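Text of the file input_33.cif, holding mmCIF, C-alpha atoms:
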data_entry
#
loop_
_atom_site.label_atom_id
_atom_site.label_comp_id
_atom_site.auth_asym_id
_atom_site.auth_seq_id
_atom_site.Cartn_x
_atom_site.Cartn_y
_atom_site.Cartn_z
CA MET Q 336 117.88 144.89 51.46
CA ALA Q 337 114.37 143.70 52.13
CA VAL Q 338 113.91 140.04 52.91
CA ASP Q 339 110.42 138.62 52.61
CA VAL Q 340 108.85 136.40 55.24
CA GLU Q 341 108.96 133.30 53.09
CA THR Q 342 112.75 133.57 52.78
CA VAL Q 343 113.14 134.02 56.54
CA VAL Q 344 111.09 130.86 57.16
CA LYS Q 345 113.27 128.94 54.71
CA ILE Q 346 116.46 130.24 56.34
CA ALA Q 347 115.19 129.18 59.76
CA ALA Q 348 114.15 125.73 58.54
CA TYR Q 349 117.52 125.09 56.87
CA ALA Q 350 119.49 126.39 59.85
CA GLY Q 351 117.32 124.25 62.16
CA GLY Q 352 117.82 121.19 59.96
CA GLY Q 353 121.58 121.70 60.00
CA MET Q 354 121.64 122.06 63.77
CA ALA Q 355 119.41 119.02 64.29
CA MET Q 356 121.67 116.72 62.30
CA GLY Q 357 125.00 118.35 63.18
CA PHE Q 358 124.58 118.27 66.95
CA GLY Q 359 122.49 115.11 66.73
CA ALA Q 360 125.41 113.21 65.18
CA ILE Q 361 127.77 113.81 68.11
CA GLY Q 362 126.28 111.54 70.72
CA ALA Q 363 125.50 108.37 68.81
CA ALA Q 364 128.93 108.36 67.18
CA ILE Q 365 130.72 108.57 70.54
CA GLY Q 366 128.46 105.96 72.12
CA GLU Q 367 128.89 103.50 69.27
CA GLY Q 368 132.62 104.06 69.30
CA TYR Q 369 132.71 103.10 72.98
CA THR Q 370 130.68 99.94 72.25
CA ALA Q 371 133.05 98.95 69.46
CA ALA Q 372 136.11 99.68 71.60
CA ARG Q 373 134.84 97.41 74.39
CA ALA Q 374 133.88 94.76 71.81
CA ASN Q 375 137.47 94.73 70.53
CA LEU Q 376 138.79 94.30 74.05
CA ALA Q 377 136.24 91.55 74.65
CA ILE Q 378 137.23 89.65 71.50
CA SER Q 379 140.92 89.86 72.36
CA ARG Q 380 140.08 88.35 75.73
CA ASN Q 381 137.94 85.53 74.38
CA PRO Q 382 138.40 85.15 70.61
CA LYS Q 383 136.50 81.83 70.46
CA ILE Q 384 133.12 83.52 70.81
CA SER Q 385 133.89 86.48 68.56
CA GLY Q 386 130.71 85.85 66.55
CA GLU Q 387 128.50 86.21 69.63
CA ILE Q 388 130.30 89.40 70.73
CA PHE Q 389 130.15 90.85 67.22
CA LYS Q 390 126.40 90.23 67.05
CA ASN Q 391 125.85 91.87 70.42
CA MET Q 392 127.99 94.84 69.39
CA LEU Q 393 125.86 95.42 66.30
CA VAL Q 394 122.60 95.16 68.26
CA GLY Q 395 123.89 97.60 70.88
CA GLN Q 396 125.11 100.04 68.25
CA ALA Q 397 121.79 99.86 66.40
CA VAL Q 398 119.97 101.00 69.55
CA ALA Q 399 122.51 103.78 70.16
CA GLU Q 400 122.02 104.88 66.56
CA SER Q 401 118.32 105.57 67.07
CA ALA Q 402 118.91 109.00 68.67
CA SER Q 403 120.72 110.25 65.60
CA ILE Q 404 118.13 108.64 63.32
CA PHE Q 405 115.51 110.77 65.10
CA ALA Q 406 117.75 113.76 64.34
CA LEU Q 407 118.03 112.71 60.70
CA VAL Q 408 114.25 112.42 60.39
CA ILE Q 409 113.70 115.87 61.89
CA ALA Q 410 116.45 117.37 59.70
CA ILE Q 411 114.94 115.91 56.51
CA LEU Q 412 111.47 117.07 57.53
CA LEU Q 413 112.82 120.59 58.13
CA LEU Q 414 114.56 120.64 54.75
CA PHE Q 415 111.49 119.63 52.76
CA LEU Q 416 108.74 121.05 54.96
CA ASP Q 417 106.01 122.86 53.10
CA VAL Q 418 104.86 125.86 55.13
CA PRO Q 419 101.39 126.91 53.93
CA VAL Q 420 101.25 130.20 55.84
CA PRO Q 421 104.77 131.56 56.32
CA SER Q 422 105.17 133.85 59.32
CA LEU Q 423 108.06 135.06 61.42
CA LEU Q 424 106.62 133.07 64.33
CA LYS Q 425 106.81 129.88 62.26
CA ALA Q 426 110.43 130.68 61.47
CA SER Q 427 111.23 130.86 65.16
CA ALA Q 428 109.37 127.58 65.83
CA LEU Q 429 111.27 125.75 63.07
CA LEU Q 430 114.65 126.94 64.34
CA ALA Q 431 113.64 125.86 67.85
CA ALA Q 432 112.60 122.43 66.56
CA GLY Q 433 116.10 121.92 65.15
CA ILE Q 434 117.73 123.07 68.40
CA SER Q 435 115.55 120.76 70.49
CA MET Q 436 116.30 117.67 68.42
CA GLY Q 437 119.98 118.40 67.87
CA PHE Q 438 120.95 118.91 71.50
CA GLY Q 439 118.44 116.31 72.67
CA ALA Q 440 120.15 113.50 70.76
CA ILE Q 441 123.60 114.05 72.32
CA GLY Q 442 123.05 112.53 75.76
CA SER Q 443 121.01 109.51 74.66
CA GLY Q 444 123.56 108.63 71.99
CA VAL Q 445 126.55 108.74 74.32
CA GLY Q 446 124.65 107.07 77.14
CA SER Q 447 123.34 104.08 75.26
CA GLY Q 448 126.88 103.22 74.15
CA TYR Q 449 127.82 102.21 77.70
CA PRO Q 450 125.42 99.26 78.14
CA GLY Q 451 126.42 98.01 74.68
CA GLY Q 452 130.11 98.08 75.53
CA GLU Q 453 129.73 96.51 78.95
CA ALA Q 454 127.45 93.78 77.59
CA CYS Q 455 130.09 92.85 74.96
CA PHE Q 456 132.76 92.68 77.65
CA GLY Q 457 130.46 90.68 79.89
CA ILE Q 458 129.79 88.12 77.16
CA ALA Q 459 133.55 87.55 76.87
CA LYS Q 460 133.68 86.84 80.60
CA GLN Q 461 130.50 84.74 80.83
CA PRO Q 462 129.50 83.40 77.38
CA GLU Q 463 126.76 81.19 78.87
CA ILE Q 464 124.60 84.17 79.92
CA ALA Q 465 124.98 86.03 76.61
CA SER Q 466 121.25 86.27 75.90
CA GLN Q 467 120.51 87.53 79.41
CA LEU Q 468 123.14 90.26 78.99
CA THR Q 469 121.75 91.24 75.60
CA THR Q 470 118.24 91.53 77.07
CA ASN Q 471 119.46 93.67 79.97
CA MET Q 472 121.44 95.82 77.53
CA LEU Q 473 118.34 96.36 75.38
CA ILE Q 474 116.18 97.37 78.38
CA GLY Q 475 118.85 99.76 79.66
CA SER Q 476 119.58 101.41 76.35
CA ALA Q 477 115.89 101.70 75.48
CA VAL Q 478 115.34 103.74 78.66
CA CYS Q 479 118.34 105.92 77.66
CA GLN Q 480 116.47 106.90 74.51
CA THR Q 481 113.55 108.54 76.34
CA PRO Q 482 115.13 112.03 76.53
CA ALA Q 483 115.80 111.89 72.77
CA ILE Q 484 112.17 110.84 72.23
CA PHE Q 485 110.96 113.77 74.37
CA SER Q 486 113.11 116.07 72.21
CA MET Q 487 111.66 114.61 69.05
CA VAL Q 488 108.11 115.08 70.35
CA VAL Q 489 108.82 118.74 71.17
CA ALA Q 490 110.45 119.23 67.75
CA LEU Q 491 107.46 117.69 65.95
CA MET Q 492 105.04 119.84 67.97
CA LEU Q 493 106.98 122.99 67.13
CA MET Q 494 106.92 122.04 63.46
CA PHE Q 495 103.36 120.92 62.98
CA ILE Q 496 101.05 122.43 65.57
CA GLU Q 497 99.32 125.58 64.44
CA PHE Q 498 99.63 128.06 67.25
CA GLY Q 499 96.90 130.30 65.89
CA ASN Q 500 97.14 134.03 66.17
CA ALA Q 501 99.72 134.23 68.91
CA PRO Q 502 101.39 137.66 68.92
CA LEU Q 503 104.86 137.63 67.33
CA TYR Q 504 106.31 139.60 70.25
CA PRO Q 505 107.14 137.94 72.67
CA THR Q 506 105.99 134.47 71.48
CA TRP Q 507 109.01 134.03 69.17
CA ALA Q 508 111.24 133.95 72.25
CA ALA Q 509 108.94 131.46 73.98
CA TYR Q 510 109.36 128.98 71.11
CA LEU Q 511 113.13 129.35 71.06
CA GLY Q 512 113.12 128.92 74.84
CA ALA Q 513 110.99 125.77 74.50
CA GLY Q 514 113.51 124.25 72.09
CA LEU Q 515 116.50 125.14 74.28
CA SER Q 516 114.83 123.92 77.46
CA MET Q 517 114.02 120.48 76.07
CA GLY Q 518 117.16 120.00 74.01
CA LEU Q 519 119.71 120.94 76.65
CA ALA Q 520 117.90 119.26 79.56
CA ALA Q 521 117.89 115.98 77.63
CA ILE Q 522 121.71 115.85 77.51
CA GLY Q 523 122.27 115.02 81.16
CA SER Q 524 119.42 112.54 81.53
CA GLY Q 525 120.41 110.52 78.48
CA TYR Q 526 124.03 110.31 79.57
CA GLY Q 527 123.16 109.54 83.19
CA GLY Q 528 120.74 106.77 82.25
CA GLY Q 529 123.53 105.21 80.20
CA LEU Q 530 125.93 105.16 83.14
CA ALA Q 531 123.41 103.17 85.20
CA ALA Q 532 122.70 100.75 82.36
CA GLY Q 533 126.41 100.16 81.71
CA ALA Q 534 127.04 99.35 85.36
CA SER Q 535 124.15 96.87 85.38
CA CYS Q 536 125.55 94.90 82.42
CA GLU Q 537 128.96 94.84 84.11
CA GLY Q 538 127.39 93.72 87.39
CA ILE Q 539 125.32 90.92 85.86
CA SER Q 540 128.34 89.53 84.07
CA ARG Q 541 130.22 89.50 87.36
CA HIS Q 542 127.48 87.81 89.42
CA PRO Q 543 124.70 86.49 87.14
CA LYS Q 544 122.60 85.36 90.14
CA THR Q 545 122.00 88.96 91.20
CA ALA Q 546 120.44 89.87 87.83
CA ALA Q 547 116.90 90.51 89.16
CA SER Q 548 118.05 92.93 91.89
CA VAL Q 549 120.52 94.64 89.55
CA THR Q 550 117.95 95.22 86.81
CA THR Q 551 115.44 96.56 89.33
CA ILE Q 552 117.83 99.09 90.85
CA MET Q 553 119.02 100.05 87.36
CA LEU Q 554 115.46 100.89 86.32
CA VAL Q 555 114.80 102.88 89.52
CA GLY Q 556 118.07 104.77 89.09
CA GLN Q 557 117.37 105.49 85.44
CA ALA Q 558 113.85 106.68 86.22
CA VAL Q 559 115.20 109.23 88.70
CA SER Q 560 117.89 110.25 86.18
CA GLN Q 561 115.13 111.06 83.68
CA THR Q 562 113.48 113.66 85.94
CA PRO Q 563 115.62 116.65 84.81
CA SER Q 564 114.57 115.97 81.22
CA ILE Q 565 110.94 115.77 82.36
CA PHE Q 566 111.36 119.19 84.01
CA GLY Q 567 112.73 120.40 80.65
CA LEU Q 568 109.72 118.94 78.87
CA LEU Q 569 107.36 120.62 81.35
CA ILE Q 570 108.95 124.07 80.88
CA SER Q 571 108.93 123.69 77.11
CA PHE Q 572 105.22 122.72 77.15
CA ILE Q 573 104.43 125.77 79.27
CA LEU Q 574 106.42 127.98 76.89
CA MET Q 575 104.67 126.49 73.84
CA PHE Q 576 101.10 126.50 75.06
CA LYS Q 577 100.75 129.44 77.44
CA SER Q 578 99.43 132.48 75.62
CA PHE Q 579 101.55 135.52 76.31
CA PRO Q 580 100.08 139.04 76.10
CA GLU Q 581 101.44 141.06 73.20
CA SER Q 582 104.36 143.19 74.24
CA THR Q 583 107.05 144.71 72.07
CA SER Q 584 109.37 145.26 75.01
CA LEU Q 585 112.71 143.51 74.78
CA SER Q 586 112.61 142.36 78.39
CA ALA Q 587 109.37 140.38 77.97
CA ALA Q 588 110.94 138.34 75.19
CA MET Q 589 114.26 137.90 76.97
CA ALA Q 590 112.51 136.63 80.12
CA LEU Q 591 110.97 133.75 78.13
CA LEU Q 592 114.23 132.96 76.33
CA ALA Q 593 116.09 133.03 79.64
CA ALA Q 594 113.53 130.64 81.15
CA GLY Q 595 114.38 128.09 78.47
CA ILE Q 596 118.14 128.61 78.83
CA CYS Q 597 117.93 128.31 82.62
CA MET Q 598 115.99 125.03 82.66
CA GLY Q 599 118.00 123.61 79.77
CA PHE Q 600 121.45 124.12 81.24
CA GLY Q 601 120.15 123.48 84.75
CA GLY Q 602 119.02 119.98 83.77
CA ILE Q 603 122.41 118.85 82.47
CA GLY Q 604 124.30 118.54 85.75
CA PRO Q 605 121.62 116.83 87.87
CA GLY Q 606 120.93 114.37 85.04
CA ILE Q 607 124.58 113.32 84.92
CA GLY Q 608 124.89 113.34 88.72
CA ASN Q 609 121.81 111.16 89.22
CA GLY Q 610 123.23 108.75 86.68
CA MET Q 611 126.55 108.59 88.54
CA ALA Q 612 124.76 107.86 91.81
CA ALA Q 613 122.74 105.11 90.11
CA GLU Q 614 125.93 103.69 88.56
CA GLY Q 615 127.59 103.39 91.97
CA ALA Q 616 124.53 101.76 93.51
CA VAL Q 617 123.99 99.30 90.66
CA ARG Q 618 127.66 98.30 90.63
CA TRP Q 619 127.61 97.51 94.33
CA VAL Q 620 124.24 95.75 94.40
CA ALA Q 621 125.84 93.23 92.06
CA ARG Q 622 128.78 92.78 94.43
CA ASN Q 623 126.88 92.88 97.72
CA VAL Q 624 123.30 91.88 96.99
CA GLU Q 625 122.38 91.28 100.67
CA HIS Q 626 122.53 95.03 101.23
CA ALA Q 627 120.51 95.99 98.16
CA GLY Q 628 117.96 97.75 100.38
CA ASP Q 629 120.58 99.97 102.04
CA LEU Q 630 122.12 100.77 98.67
CA MET Q 631 118.76 101.66 97.12
CA ARG Q 632 118.01 103.97 100.04
CA ILE Q 633 121.34 105.80 99.90
CA MET Q 634 121.10 106.06 96.12
CA LEU Q 635 117.69 107.70 96.34
CA VAL Q 636 118.82 110.12 99.10
CA GLY Q 637 121.93 111.03 97.10
CA GLN Q 638 119.93 111.52 93.92
CA ALA Q 639 117.37 113.67 95.72
CA VAL Q 640 120.13 116.03 96.88
CA SER Q 641 121.72 116.05 93.42
CA GLN Q 642 118.30 116.83 91.97
CA SER Q 643 117.97 120.01 94.03
CA THR Q 644 119.80 122.27 91.60
CA ALA Q 645 117.49 121.16 88.77
CA ILE Q 646 114.58 122.17 90.99
CA TYR Q 647 116.18 125.59 91.64
CA ALA Q 648 116.56 126.01 87.86
CA MET Q 649 112.92 125.08 87.36
CA VAL Q 650 111.82 127.56 90.02
CA VAL Q 651 113.84 130.37 88.40
CA SER Q 652 112.36 129.43 85.00
CA LEU Q 653 108.83 129.48 86.37
CA VAL Q 654 109.52 132.88 88.00
CA LEU Q 655 110.80 134.16 84.65
CA ILE Q 656 107.65 132.92 82.89
CA PHE Q 657 104.94 133.77 85.39
CA VAL Q 658 106.19 136.47 87.76
CA VAL Q 659 108.51 139.00 86.17
CA MET P 1223 111.07 150.05 67.57
CA ALA P 1224 113.29 152.17 69.76
CA ILE P 1225 114.72 150.36 72.74
CA GLU P 1226 115.25 152.39 75.87
CA GLY P 1227 118.39 152.02 77.96
CA ALA P 1228 116.44 150.80 81.01
CA GLU P 1229 114.75 148.18 78.84
CA ILE P 1230 118.10 146.76 77.73
CA VAL P 1231 119.27 146.61 81.33
CA LYS P 1232 116.14 144.72 82.36
CA ALA P 1233 116.46 142.27 79.46
CA ALA P 1234 120.11 141.68 80.31
CA ALA P 1235 119.21 141.04 83.94
CA PHE P 1236 116.70 138.34 82.89
CA ILE P 1237 119.18 136.65 80.56
CA GLY P 1238 121.83 136.92 83.26
CA ALA P 1239 119.53 135.29 85.80
CA GLY P 1240 118.80 132.43 83.43
CA LEU P 1241 122.47 131.87 82.67
CA ALA P 1242 123.51 132.16 86.32
CA MET P 1243 121.08 129.52 87.55
CA GLY P 1244 121.30 127.33 84.46
CA LEU P 1245 125.08 127.07 84.23
CA GLY P 1246 125.45 127.22 88.00
CA ALA P 1247 123.31 124.10 88.38
CA ILE P 1248 125.68 121.91 86.34
CA GLY P 1249 128.55 121.70 88.80
CA PRO P 1250 126.65 120.85 91.99
CA GLY P 1251 124.52 118.31 90.11
CA VAL P 1252 127.54 116.39 88.84
CA GLY P 1253 129.53 116.81 92.05
CA GLU P 1254 126.75 115.58 94.31
CA GLY P 1255 126.21 112.63 92.01
CA MET P 1256 129.88 111.68 92.39
CA VAL P 1257 129.53 111.86 96.17
CA ALA P 1258 126.46 109.61 96.08
CA ALA P 1259 128.20 107.10 93.77
CA LYS P 1260 131.18 106.81 96.10
CA ALA P 1261 128.90 106.60 99.14
CA CYS P 1262 127.13 103.63 97.53
CA GLU P 1263 130.51 102.03 96.89
CA ALA P 1264 131.57 102.62 100.47
CA ILE P 1265 128.36 101.14 101.88
CA GLY P 1266 128.71 98.18 99.53
CA ARG P 1267 132.20 97.53 100.94
CA ASN P 1268 131.35 98.14 104.57
CA PRO P 1269 127.58 98.03 105.20
CA LYS P 1270 128.00 98.22 108.99
CA GLU P 1271 128.97 101.88 108.75
CA ALA P 1272 125.93 102.84 106.67
CA GLY P 1273 124.78 105.49 109.17
CA LEU P 1274 128.16 107.18 109.37
CA LEU P 1275 128.57 107.06 105.59
CA THR P 1276 125.12 108.53 104.95
CA ARG P 1277 125.93 111.40 107.30
CA THR P 1278 129.28 112.04 105.63
CA MET P 1279 127.65 111.91 102.21
CA LEU P 1280 124.98 114.42 103.18
CA VAL P 1281 127.49 116.87 104.71
CA GLY P 1282 129.72 116.59 101.64
CA GLN P 1283 126.79 117.15 99.32
CA ALA P 1284 125.62 120.12 101.36
CA VAL P 1285 129.02 121.77 100.87
CA SER P 1286 128.93 120.95 97.16
CA GLU P 1287 125.41 122.40 97.03
CA SER P 1288 126.63 125.80 98.20
CA THR P 1289 127.64 126.99 94.74
CA GLY P 1290 124.19 126.07 93.46
CA ILE P 1291 122.66 128.16 96.22
CA TYR P 1292 124.97 131.08 95.34
CA SER P 1293 123.66 130.81 91.76
CA LEU P 1294 120.08 130.81 93.00
CA VAL P 1295 120.73 133.87 95.18
CA ILE P 1296 122.36 135.77 92.30
CA ALA P 1297 119.53 134.78 89.95
CA LEU P 1298 116.89 136.00 92.40
CA LEU P 1299 118.86 139.23 93.01
CA LEU P 1300 119.01 139.83 89.25
CA LEU P 1301 115.28 139.16 88.91
CA PHE P 1302 113.93 141.16 91.82
CA VAL P 1303 116.52 143.55 93.24
CA VAL P 1304 118.80 145.10 90.66
#

Encoded form (structure tokens):
Amino acid sequence: MAVDVETVVKIAAYAGGGMAMGFGAIGAAIGEGYTAARANLAISRNPKISGEIFKNMLVGQAVAESASIFALVIAILLLFLDVPVPSLLKASALLAAGISMGFGAIGSGVGSGYPGGEACFGIAKQPEIASQLTTNMLIGSAVCQTPAIFSMVVALMLMFIEFGNAPLYPTWAAYLGAGLSMGLAAIGSGYGGGLAAGASCEGISRHPKTAASVTTIMLVGQAVSQTPSIFGLLISFILMFKSFPESTSLSAAMALLAAGICMGFGGIGPGIGNGMAAEGAVRWVARNVEHAGDLMRIMLVGQAVSQSTAIYAMVVSLVLIFVV
Amino acid sequence: MAIEGAEIVKAAAFIGAGLAMGLGAIGPGVGEGMVAAKACEAIGRNPKEAGLLTRTMLVGQAVSESTGIYSLVIALLLLFVV
């Protein structure tokens, strides 16, 4: 049975679209469910201000939704994309675009549910600072979206940039690796950023006077949590834009695919771990603001150590791309 | 395109290296993050012991790091030795 190139491109685009939306729906749904669960608890605690809590819940959920809306956009684009020059390389790039967006939306969706939930609960405790909590929630959950945005950028590049006359072997594996690297590495960073943002909403509702210090350390913690996804972005850019010499050997292709897998999985753990460290620090800055400096220092030291395995993964990926 | 046996072995070694380091990095990353979170909590509760707590945190993280280093060693062995 002979299958022409045009059919293969279509198959890849449809499979990629399915993966983008299927995986991309996981995170936002869980995150929004957490927000709604906390909102219910908050309303049972303080039913008089249910309107305020309900409003905040919807705002928080709308932000958490954005990761899966990115996935929906990419999926629809993949379904109706018109490919002028079908090639097997394009098929690989389209599949990789779906992988990148699908996995990349998981972490951001789950993560941005936490600030929403904690802000709802905080409003029940301290109705007078409701707008301050909503603002902090929006800042925190916006930062959580960055890994999903990186994934969307990589997916759009894979779909629309013309890569010229790159040789099919081994470039097909480089594109798949680029998608895996970005998509998987975004999971940890999105989730970790959410942990920090949730703790900051909880902390501000406990001691509203510490808000400035809490928001600052939240942003620092989230920024460090984003680094594994930036490593993933870096590796996927290298895989997309480096030109690889033509080689039909299996090992040349597998080295590039393995580079993407290595950085992708390797970014998950450090992203979550950095977020946990930031969560602990943010929570305790709110309770003990006089020692914010000590807490910031220990958070950064702890995060640096937790980051090390992401750096090992990046080194192995770079060795796989440039050395072997 | 005929694929030689040695070629398959080499390809498998590369994939194995990627999986070893990639999956092996998850555990230490999460574990060390937990240590750092609890160290922050402990310093928040008792800031006077910050030095002692930092030392304990670093030793604990170093132990948790060991599996990440095993993964790195195995990945490098797969890439360059076997």

- With a cut-off of 7 Å and counting only C-alpha atoms, select all residues of chain Q in contact with chain P and give the selection as a PyMOL selection string. chain Q and resi 585-586+589-590+593-594+596-601+603-605+607-609+611-616+619+623+630+633-634+637-638+641-642+644-645+647-648

Produce the centre coordinates and the three edge lengths, each in Å to one decimal, of the box along x, y and z that contains all listed atoms of region 576-588 of chain Q with 8 Å added on each side, as lines of an AutoDock Vina configuration file.
center_x = 106.1
center_y = 135.9
center_z = 75.2
size_x = 29.3
size_y = 34.8
size_z = 22.3

- Item | Residue nearest Val1303 (chain P) among Q:Met354, Q:Gly628, Q:Val659, Q:Val343 (counting only C-alpha atoms) |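 Nearest candidate to Val1303 (chain P) out of Q:Met354, Q:Gly628, Q:Val659, Q:Val343: Q:Val659.
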
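Interatomic distance, CA of Lys544 (chain Q) to CA of Ser560 (chain Q): 25.6 Å.
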
- Would you kindly return, as a list of chain:residue names, each protein, DNA or RNA residue with an atom no farther than 12 Å from any atom of Gly357 (chain Q), considering all atoms listed in the file and excluding same-chain residues fewer than 5 positions away?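 So, after excluding close chain neighbours, the residues are Q:Tyr349, Q:Ala350, Q:Gly351, Q:Gly352, Q:Gly362, Q:Ala363, Q:Ala364, Q:Ser403, Q:Ile404, Q:Ala406, Q:Leu407, Q:Ile409, Q:Ala410, Q:Gly433, Q:Ile434, Q:Met436, Q:Gly437, Q:Phe438, Q:Gly439, Q:Ala440, Q:Ile441.
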
- Provide the CA of Gly353 (chain Q) to CA of Gly444 (chain Q) distance in Å, to one decimal place.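 Taking CA of Gly353 (chain Q) as the start and CA of Gly444 (chain Q) as the end point, the length is 17.8 Å.
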
- Task: Do a neighbour search on Phe485 (chain Q) at 9 Å with all atoms listed in the file, toss out local chain neighbours closer than 6 positions, and write the hits as a PyMOL selection string.
- Result: chain Q and resi 436+439+517-518+521+564-565+568

Create the file for the chosen residues now, containing C-alpha atoms and written as a JSON list (two decimals), keeping the file's coordinate frame.
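Below is the file that was written, out.json:
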[["chain", "number", "residue", "atom", "x", "y", "z"],
["Q", 436, "MET", "CA", 116.30, 117.67, 68.42],
["Q", 439, "GLY", "CA", 118.44, 116.31, 72.67],
["Q", 517, "MET", "CA", 114.02, 120.48, 76.07],
["Q", 518, "GLY", "CA", 117.16, 120.00, 74.01],
["Q", 521, "ALA", "CA", 117.89, 115.98, 77.63],
["Q", 564, "SER", "CA", 114.57, 115.97, 81.22],
["Q", 565, "ILE", "CA", 110.94, 115.77, 82.36],
["Q", 568, "LEU", "CA", 109.72, 118.94, 78.87]]

- Task: Enter the distance from CA of Leu574 (chain Q) to CA of Gly602 (chain Q), in Å, rounded to one decimal.
- Result: 16.4 Å

- Message: What would the selection look like, as a ChimeraX atom specification, if the PyMOL selection byres ((chain Q and resi 482) around 8) were run on the coordinates I just shared?
- Response: /Q:439-440,442-443,479-481,483-486,521-522,524-525,561,564

Filtering to C-alpha atoms, could you give me those residues as a JSON list (two decimals), keeping the file's coordinate frame?
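Full text of part_24.json as output:
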[["chain", "number", "residue", "atom", "x", "y", "z"],
["Q", 439, "GLY", "CA", 118.44, 116.31, 72.67],
["Q", 440, "ALA", "CA", 120.15, 113.50, 70.76],
["Q", 442, "GLY", "CA", 123.05, 112.53, 75.76],
["Q", 443, "SER", "CA", 121.01, 109.51, 74.66],
["Q", 479, "CYS", "CA", 118.34, 105.92, 77.66],
["Q", 480, "GLN", "CA", 116.47, 106.90, 74.51],
["Q", 481, "THR", "CA", 113.55, 108.54, 76.34],
["Q", 483, "ALA", "CA", 115.80, 111.89, 72.77],
["Q", 484, "ILE", "CA", 112.17, 110.84, 72.23],
["Q", 485, "PHE", "CA", 110.96, 113.77, 74.37],
["Q", 486, "SER", "CA", 113.11, 116.07, 72.21],
["Q", 521, "ALA", "CA", 117.89, 115.98, 77.63],
["Q", 522, "ILE", "CA", 121.71, 115.85, 77.51],
["Q", 524, "SER", "CA", 119.42, 112.54, 81.53],
["Q", 525, "GLY", "CA", 120.41, 110.52, 78.48],
["Q", 561, "GLN", "CA", 115.13, 111.06, 83.68],
["Q", 564, "SER", "CA", 114.57, 115.97, 81.22]]

- For Val555 (chain Q), which of Q:Lys383, Q:Lys390, Q:Arg622, Q:Arg632 is the closest residue, counting all atoms listed in the file? Q:Arg632

- Message: Quick check on the file I pasted: which residues fall under the PyMOL selection byres ((chain Q and resi 419) around 12)? Write them as a list in words.
- Response: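 Taken over the shown coordinates, the PyMOL selection byres ((chain Q and resi 419) around 12) returns Glu341, Val344, Leu416, Asp417, Val418, Val420, Pro421, Ser422, Lys425, Phe495 and Glu497 of chain Q.
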